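The next block is protein-v2.tsv, given as TSV, C-alpha atoms.
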chain	number	residue	atom	x	y	z
A	1	MET	CA	50.31	15.92	-30.04
A	2	LEU	CA	49.53	12.59	-28.40
A	3	SER	CA	52.61	11.86	-26.28
A	4	PRO	CA	53.81	8.58	-24.77
A	5	HIS	CA	53.38	7.97	-21.04
A	6	VAL	CA	57.03	7.12	-20.48
A	7	ALA	CA	60.03	9.23	-19.48
A	8	GLU	CA	62.99	7.20	-20.74
A	9	PRO	CA	64.12	7.92	-24.32
A	10	PRO	CA	63.92	4.79	-26.47
A	11	GLU	CA	66.70	3.23	-28.48
A	12	LEU	CA	64.67	3.34	-31.71
A	13	SER	CA	62.12	5.82	-33.04
A	14	VAL	CA	60.05	4.85	-36.08
A	15	VAL	CA	58.49	7.75	-38.00
A	16	ILE	CA	55.61	7.06	-40.39
A	17	PRO	CA	53.90	9.88	-42.34
A	18	ALA	CA	50.23	9.23	-43.05
A	19	TYR	CA	47.94	10.96	-45.53
A	20	ASN	CA	44.44	9.50	-45.93
A	21	GLU	CA	45.63	6.15	-44.56
A	22	SER	CA	42.60	5.24	-42.43
A	23	ARG	CA	42.02	1.99	-44.33
A	24	ARG	CA	45.64	0.88	-44.48
A	25	LEU	CA	46.85	2.07	-41.07
A	26	PRO	CA	45.26	-0.70	-38.95
A	27	GLU	CA	47.08	-3.32	-41.03
A	28	THR	CA	50.29	-1.30	-40.78
A	29	LEU	CA	50.02	-1.21	-36.99
A	30	ALA	CA	49.19	-4.91	-36.86
A	31	ILE	CA	52.46	-5.62	-38.67
A	32	ILE	CA	54.89	-3.19	-37.11
A	33	LYS	CA	54.03	-3.32	-33.42
A	34	PRO	CA	54.48	-7.08	-32.98
A	35	TYR	CA	57.68	-6.90	-34.99
A	36	LEU	CA	59.15	-4.09	-32.90
A	37	GLY	CA	58.32	-6.13	-29.83
A	38	THR	CA	60.77	-8.81	-31.01
A	39	ILE	CA	63.87	-6.70	-31.78
A	40	GLY	CA	65.24	-6.51	-28.24
A	41	MET	CA	65.32	-2.71	-28.18
A	42	SER	CA	63.12	-0.09	-26.58
A	43	TRP	CA	61.08	1.78	-29.17
A	44	GLU	CA	58.52	4.43	-29.94
A	45	LEU	CA	56.25	4.72	-32.96
A	46	ILE	CA	55.53	8.21	-34.27
A	47	ILE	CA	52.68	8.55	-36.76
A	48	VAL	CA	52.13	11.95	-38.36
A	49	ASN	CA	48.72	12.72	-39.84
A	50	ASP	CA	49.43	15.09	-42.73
A	51	GLY	CA	46.15	16.96	-42.91
A	52	SER	CA	44.15	13.93	-43.99
A	53	SER	CA	40.55	14.37	-45.13
A	54	ASP	CA	39.53	10.92	-43.89
A	55	SER	CA	39.59	9.38	-40.40
A	56	THR	CA	43.36	8.81	-40.23
A	57	MET	CA	43.74	10.90	-37.07
A	58	ALA	CA	40.90	9.02	-35.38
A	59	VAL	CA	42.71	5.74	-36.06
A	60	ILE	CA	45.91	7.20	-34.59
A	61	SER	CA	44.07	8.50	-31.51
A	62	ALA	CA	42.39	5.16	-30.91
A	63	GLU	CA	45.73	3.35	-31.14
A	64	HIS	CA	47.30	5.83	-28.71
A	65	ASP	CA	44.51	5.09	-26.22
A	66	LEU	CA	45.31	1.38	-26.55
A	67	ASP	CA	49.08	1.81	-26.28
A	68	PRO	CA	50.10	5.14	-24.72
A	69	ILE	CA	53.50	3.71	-23.79
A	70	HIS	CA	54.82	3.40	-27.34
A	71	LEU	CA	52.71	5.55	-29.65
A	72	ILE	CA	53.06	9.24	-30.44
A	73	GLY	CA	50.46	10.83	-32.71
A	74	ILE	CA	50.90	14.18	-34.44
A	75	ASP	CA	48.06	15.98	-36.20
A	76	GLN	CA	49.66	18.26	-38.79
A	77	GLN	CA	47.16	20.75	-40.16
A	78	PRO	CA	46.73	21.69	-42.93
A	79	ASN	CA	48.27	19.20	-45.36
A	80	ARG	CA	51.85	20.29	-46.12
A	81	GLY	CA	53.27	17.28	-47.92
A	82	LYS	CA	55.23	14.19	-46.95
A	83	GLY	CA	58.49	16.05	-46.34
A	84	ARG	CA	57.07	18.32	-43.67
A	85	ALA	CA	55.22	15.39	-42.07
A	86	VAL	CA	58.46	13.41	-41.79
A	87	ALA	CA	60.27	16.45	-40.38
A	88	ALA	CA	57.55	16.90	-37.74
A	89	GLY	CA	57.95	13.29	-36.68
A	90	VAL	CA	61.73	13.50	-36.53
A	91	ALA	CA	61.51	16.70	-34.46
A	92	VAL	CA	59.72	14.94	-31.59
A	93	SER	CA	61.70	11.69	-31.85
A	94	ARG	CA	63.92	10.72	-28.92
A	95	GLY	CA	65.60	7.58	-30.17
A	96	ASP	CA	69.29	6.92	-30.60
A	97	LEU	CA	68.23	5.71	-34.05
A	98	VAL	CA	65.41	7.07	-36.22
A	99	LEU	CA	63.85	4.86	-38.88
A	100	ILE	CA	61.65	6.53	-41.51
A	101	SER	CA	59.19	4.27	-43.30
A	102	ASP	CA	56.17	4.65	-45.56
A	103	ALA	CA	52.87	3.42	-44.16
A	104	ASP	CA	52.49	0.85	-46.94
A	105	PHE	CA	55.74	-0.97	-46.05
A	106	SER	CA	56.79	-1.12	-49.70
A	107	THR	CA	60.07	-2.02	-48.06
A	108	PRO	CA	59.19	-4.68	-45.46
A	109	ILE	CA	59.95	-3.53	-41.93
A	110	GLU	CA	62.33	-6.43	-41.26
A	111	GLU	CA	64.70	-4.97	-43.88
A	112	TRP	CA	65.72	-2.39	-41.30
A	113	VAL	CA	68.31	-4.78	-39.91
A	114	LYS	CA	70.34	-4.28	-43.11
A	115	LEU	CA	70.35	-0.54	-42.54
A	116	LYS	CA	71.21	-0.96	-38.87
A	117	ALA	CA	74.22	-3.09	-39.81
A	118	ALA	CA	75.54	-0.20	-41.93
A	119	VAL	CA	75.04	2.27	-39.07
A	120	ASP	CA	76.69	-0.14	-36.63
A	121	GLU	CA	79.66	-0.22	-39.00
A	122	GLY	CA	80.07	3.55	-38.88
A	123	SER	CA	77.56	5.20	-41.20
A	124	ASP	CA	75.50	8.11	-39.91
A	125	VAL	CA	72.69	7.47	-42.39
A	126	ALA	CA	71.68	4.28	-44.23
A	127	ILE	CA	69.23	4.57	-47.11
A	128	GLY	CA	67.30	1.71	-48.67
A	129	SER	CA	67.91	1.30	-52.40
A	130	ARG	CA	65.88	-0.37	-55.13
A	131	ALA	CA	68.59	0.27	-57.70
A	132	LYS	CA	71.84	-1.07	-56.26
A	133	ARG	CA	73.00	-4.56	-57.10
A	134	GLY	CA	71.57	-6.96	-54.55
A	135	SER	CA	68.19	-5.21	-54.27
A	136	LYS	CA	65.07	-7.24	-55.03
A	137	VAL	CA	62.07	-5.52	-56.60
A	138	GLU	CA	59.36	-8.11	-56.09
A	139	VAL	CA	56.52	-6.08	-57.64
A	140	SER	CA	57.62	-3.40	-60.07
A	141	GLN	CA	56.05	-0.02	-60.68
A	142	PRO	CA	54.27	0.67	-63.98
A	143	ALA	CA	56.73	1.23	-66.85
A	144	HIS	CA	56.12	4.99	-67.05
A	145	ARG	CA	56.93	5.43	-63.35
A	146	VAL	CA	60.08	3.31	-63.64
A	147	LEU	CA	61.24	5.55	-66.51
A	148	MET	CA	60.37	8.71	-64.57
A	149	GLY	CA	62.32	7.43	-61.58
A	150	LYS	CA	65.40	6.69	-63.64
A	151	ILE	CA	65.31	10.14	-65.23
A	152	PHE	CA	64.84	11.77	-61.83
A	153	ASN	CA	67.73	9.83	-60.29
A	154	LEU	CA	69.96	10.77	-63.21
A	155	ILE	CA	69.15	14.45	-62.72
A	156	VAL	CA	69.81	14.14	-58.98
A	157	GLN	CA	73.19	12.51	-59.65
A	158	ILE	CA	74.23	15.16	-62.15
A	159	VAL	CA	72.98	18.21	-60.26
A	160	VAL	CA	73.27	17.57	-56.51
A	161	LEU	CA	74.13	14.07	-55.28
A	162	PRO	CA	76.58	12.14	-57.44
A	163	GLY	CA	77.07	8.54	-56.41
A	164	PHE	CA	73.59	7.66	-55.17
A	165	TRP	CA	71.40	5.37	-57.25
A	166	ASP	CA	68.10	5.74	-55.37
A	167	THR	CA	67.32	8.68	-53.10
A	168	GLN	CA	63.55	8.16	-53.19
A	169	CYS	CA	63.04	4.83	-51.48
A	170	GLY	CA	60.98	5.76	-48.42
A	171	PHE	CA	63.00	3.62	-46.02
A	172	LYS	CA	65.92	5.30	-44.26
A	173	LEU	CA	67.72	4.89	-40.95
A	174	TRP	CA	69.46	7.82	-39.29
A	175	LYS	CA	71.45	8.25	-36.14
A	176	GLY	CA	68.95	10.15	-34.03
A	177	SER	CA	71.09	13.20	-33.34
A	178	VAL	CA	71.98	13.51	-37.03
A	179	ALA	CA	68.34	13.22	-38.14
A	180	ARG	CA	67.17	15.88	-35.71
A	181	GLU	CA	69.98	18.23	-36.75
A	182	ILE	CA	69.50	17.83	-40.50
A	183	PHE	CA	65.69	17.79	-40.61
A	184	SER	CA	65.57	20.95	-38.50
A	185	GLN	CA	67.36	22.69	-41.39
A	186	MET	CA	64.97	21.41	-44.08
A	187	LYS	CA	63.36	24.13	-46.18
A	188	LEU	CA	61.30	22.11	-48.68
A	189	ASP	CA	57.91	20.59	-47.93
A	190	GLY	CA	56.53	18.60	-50.83
A	191	ASN	CA	56.30	14.90	-51.53
A	192	VAL	CA	59.36	14.13	-53.64
A	193	ALA	CA	62.55	16.15	-53.32
A	194	PHE	CA	62.74	16.55	-49.54
A	195	ASP	CA	64.72	13.29	-49.42
A	196	VAL	CA	67.27	14.81	-51.76
A	197	GLU	CA	67.53	17.94	-49.66
A	198	VAL	CA	68.20	16.18	-46.36
A	199	LEU	CA	70.74	13.83	-47.95
A	200	TYR	CA	72.41	16.81	-49.63
A	201	ARG	CA	72.61	18.61	-46.29
A	202	ALA	CA	73.90	15.50	-44.52
A	203	ARG	CA	76.65	14.94	-47.09
A	204	HIS	CA	77.72	18.59	-47.01
A	205	SER	CA	77.85	18.45	-43.22
A	206	GLY	CA	80.34	15.60	-43.45
A	207	PHE	CA	78.06	12.78	-42.36
A	208	ARG	CA	78.60	9.31	-43.81
A	209	ILE	CA	75.76	7.91	-45.93
A	210	ALA	CA	75.48	4.28	-46.97
A	211	GLU	CA	73.16	3.07	-49.74
A	212	ILE	CA	71.90	-0.43	-48.97
A	213	PRO	CA	70.02	-2.73	-51.36
A	214	VAL	CA	66.65	-3.83	-49.98
A	215	ARG	CA	63.53	-5.76	-50.92
A	216	TRP	CA	60.74	-3.64	-52.31
A	217	TYR	CA	57.37	-4.00	-53.94
A	218	ASP	CA	55.11	-1.43	-55.56
A	219	SER	CA	52.09	-0.40	-53.53
A	220	ILE	CA	49.03	0.42	-55.59
A	221	PRO	CA	47.53	2.95	-55.81
A	222	SER	CA	50.27	5.59	-55.67
A	223	ARG	CA	49.46	9.15	-54.67
A	224	ILE	CA	52.23	10.54	-56.86
A	225	SER	CA	50.89	12.55	-59.79
A	226	PRO	CA	53.26	11.97	-62.74
A	227	LEU	CA	52.94	15.48	-64.19
A	228	ARG	CA	52.40	17.67	-61.13
A	229	HIS	CA	54.96	16.01	-58.88
A	230	SER	CA	57.54	15.77	-61.69
A	231	VAL	CA	57.38	19.53	-62.20
A	232	GLU	CA	57.48	20.09	-58.42
A	233	ALA	CA	60.52	17.83	-58.10
A	234	LEU	CA	62.48	19.53	-60.88
A	235	VAL	CA	61.82	22.96	-59.38
A	236	ASP	CA	62.90	21.72	-55.95
A	237	ILE	CA	66.09	20.12	-57.30
A	238	ALA	CA	67.03	23.49	-58.76
A	239	LYS	CA	66.43	25.07	-55.34
A	240	ILE	CA	68.53	22.44	-53.57
A	241	ARG	CA	71.48	23.13	-55.85
A	242	PHE	CA	71.77	26.59	-54.37
A	243	LEU	CA	70.94	25.86	-50.74
A	244	ARG	CA	73.17	27.22	-48.04

Rewritten as structure tokens:
Amino acid sequence: MLSPHVAEPPELSVVIPAYNESRRLPETLAIIKPYLGTIGMSWELIIVNDGSSDSTMAVISAEHDLDPIHLIGIDQQPNRGKGRAVAAGVAVSRGDLVLISDADFSTPIEEWVKLKAAVDEGSDVAIGSRAKRGSKVEVSQPAHRVLMGKIFNLIVQIVVLPGFWDTQCGFKLWKGSVAREIFSQMKLDGNVAFDVEVLYRARHSGFRIAEIPVRWYDSIPSRISPLRHSVEALVDIAKIRFLR
């Protein structure tokens, strides 16, 4: 692990999982680091390489050399899926708040202030939503993926998490202590249903979860395989239903 050269825990930790993101990651860093420098809070950026086959880890290492104060790099080998990469990042986080974001910023980073407002008002977790009234989908997914998402969310509502319209938006803000507690209990790896598991565990532990409409645009290409990941997700939802 590439650790920061600073002793004081920050106010905000940002966790970004990265799988074969060597081309996109420099642009991601060019966007997020200047932005975090304007928010008036101390911060750390945790990027988790999830067993990439490209030069993602080299990009992370080079950025750490440039900014060892703020950047933490984790090299997770072998590839275990987005869920385990996020959990690895959360495990080393030190912030009072932990923001989880995809590397493509399908939800623009500045939308985090909406989630923070919900946490400031008493929520333990605030999840970005593309489905609640007030959200703005600026570039939509292909029709087949929109339909798959609606079916998946309906199954999630019926089986494990009634009341949530969008568990899969990759933009979530947690109180740091809550995130570290819940993600340490996570059993699923995978790319899809881990979000459902941690929200299920948070709700059953009595934590308050707010669903907040955000701006969102589809990032192309997607690494989600419609058939393989749909089957994986349905199997995992069945597992979640009987978690203890």

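CA of Val98 (chain A) is positioned 27.9 Å from CA of Ala238 (chain A).
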
_Residue nearest Gly134 (chain A) - candidates A:Lys150, A:Thr28, A:Trp216, A:Ala85, atoms counted: only C-alpha atoms_ =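 Using only C-alpha atoms, the shortest distance to Gly134 (chain A) belongs to A:Trp216.
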
*Atom pair CA of Ser52 (chain A) / CA of Gln185 (chain A): separation (Å)*: 24.9 Å

*When distances are computed from all atoms listed in the file, which of A:Leu97, A:Ala30, A:Ile74, A:Ala87 shows the smallest separation from Pro9 (chain A)?*
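When distances to Pro9 (chain A) are compared using all atoms listed in the file, the smallest one comes from A:Leu97.
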
*Of the candidates A:Ala210, A:Ala103, A:Ile237, A:Ala91, which one gets nearest to Arg180 (chain A) if we count all atoms listed in the file?*
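The shortest atom-to-atom distance to Arg180 (chain A) comes from A:Ala91.
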
*d(CA of Asn20 (chain A), CA of Val235 (chain A)) in Å*: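 Atom-to-atom, CA of Asn20 (chain A) to CA of Val235 (chain A), that is 25.8 Å.
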
*Determine, counting all atoms listed in the file, which protein, DNA and RNA residues have an atom within 12 Å of an atom of Lys172 (chain A); residues of the same chain fewer than 3 positions away are not included. Present the result as an MDAnalysis selection string.*
chainID A and resid 13:16 86 97:102 107 109 111:116 118:119 124:129 166:169 175:176 179 195 198:199 209:214

*Which residue, A:Thr56, A:Ser106, A:Ser184, A:Asn191, has the smallest gap to Arg130 (chain A) when you use all atoms listed in the file?*
A:Ser106

*Between A:Arg94, A:Asn49, A:Leu12, A:Lys239, single out the one closest to Val159 (chain A), counting only C-alpha atoms.*
A:Lys239

*Around (73.1, 27.2, -53.5) in the file's frame, which residues reach within 12 Å when counting only C-alpha atoms? Return as a list in words?*
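I get Val159, Val160, Glu197, Tyr200, Arg201, His204, Asp236, Ile237, Ala238, Lys239, Ile240, Arg241, Phe242, Leu243 and Arg244 of chain A for the residues within 12 Å of that point.
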
Could you give me the centre and size, in Å to one decimal, of an axis-aligned box around all listed atoms of region 211-220 of chain A with 6 Å added on every side, as JSON?
{"center_x": 61.1, "center_y": -1.3, "center_z": -52.3, "size_x": 36.1, "size_y": 20.8, "size_z": 18.6}

*Would you please work out which residue, of A:Phe152, A:Lys136, A:Phe183, A:Lys82, is nearest to Gly170 (chain A) when using only C-alpha atoms?*
A:Lys82
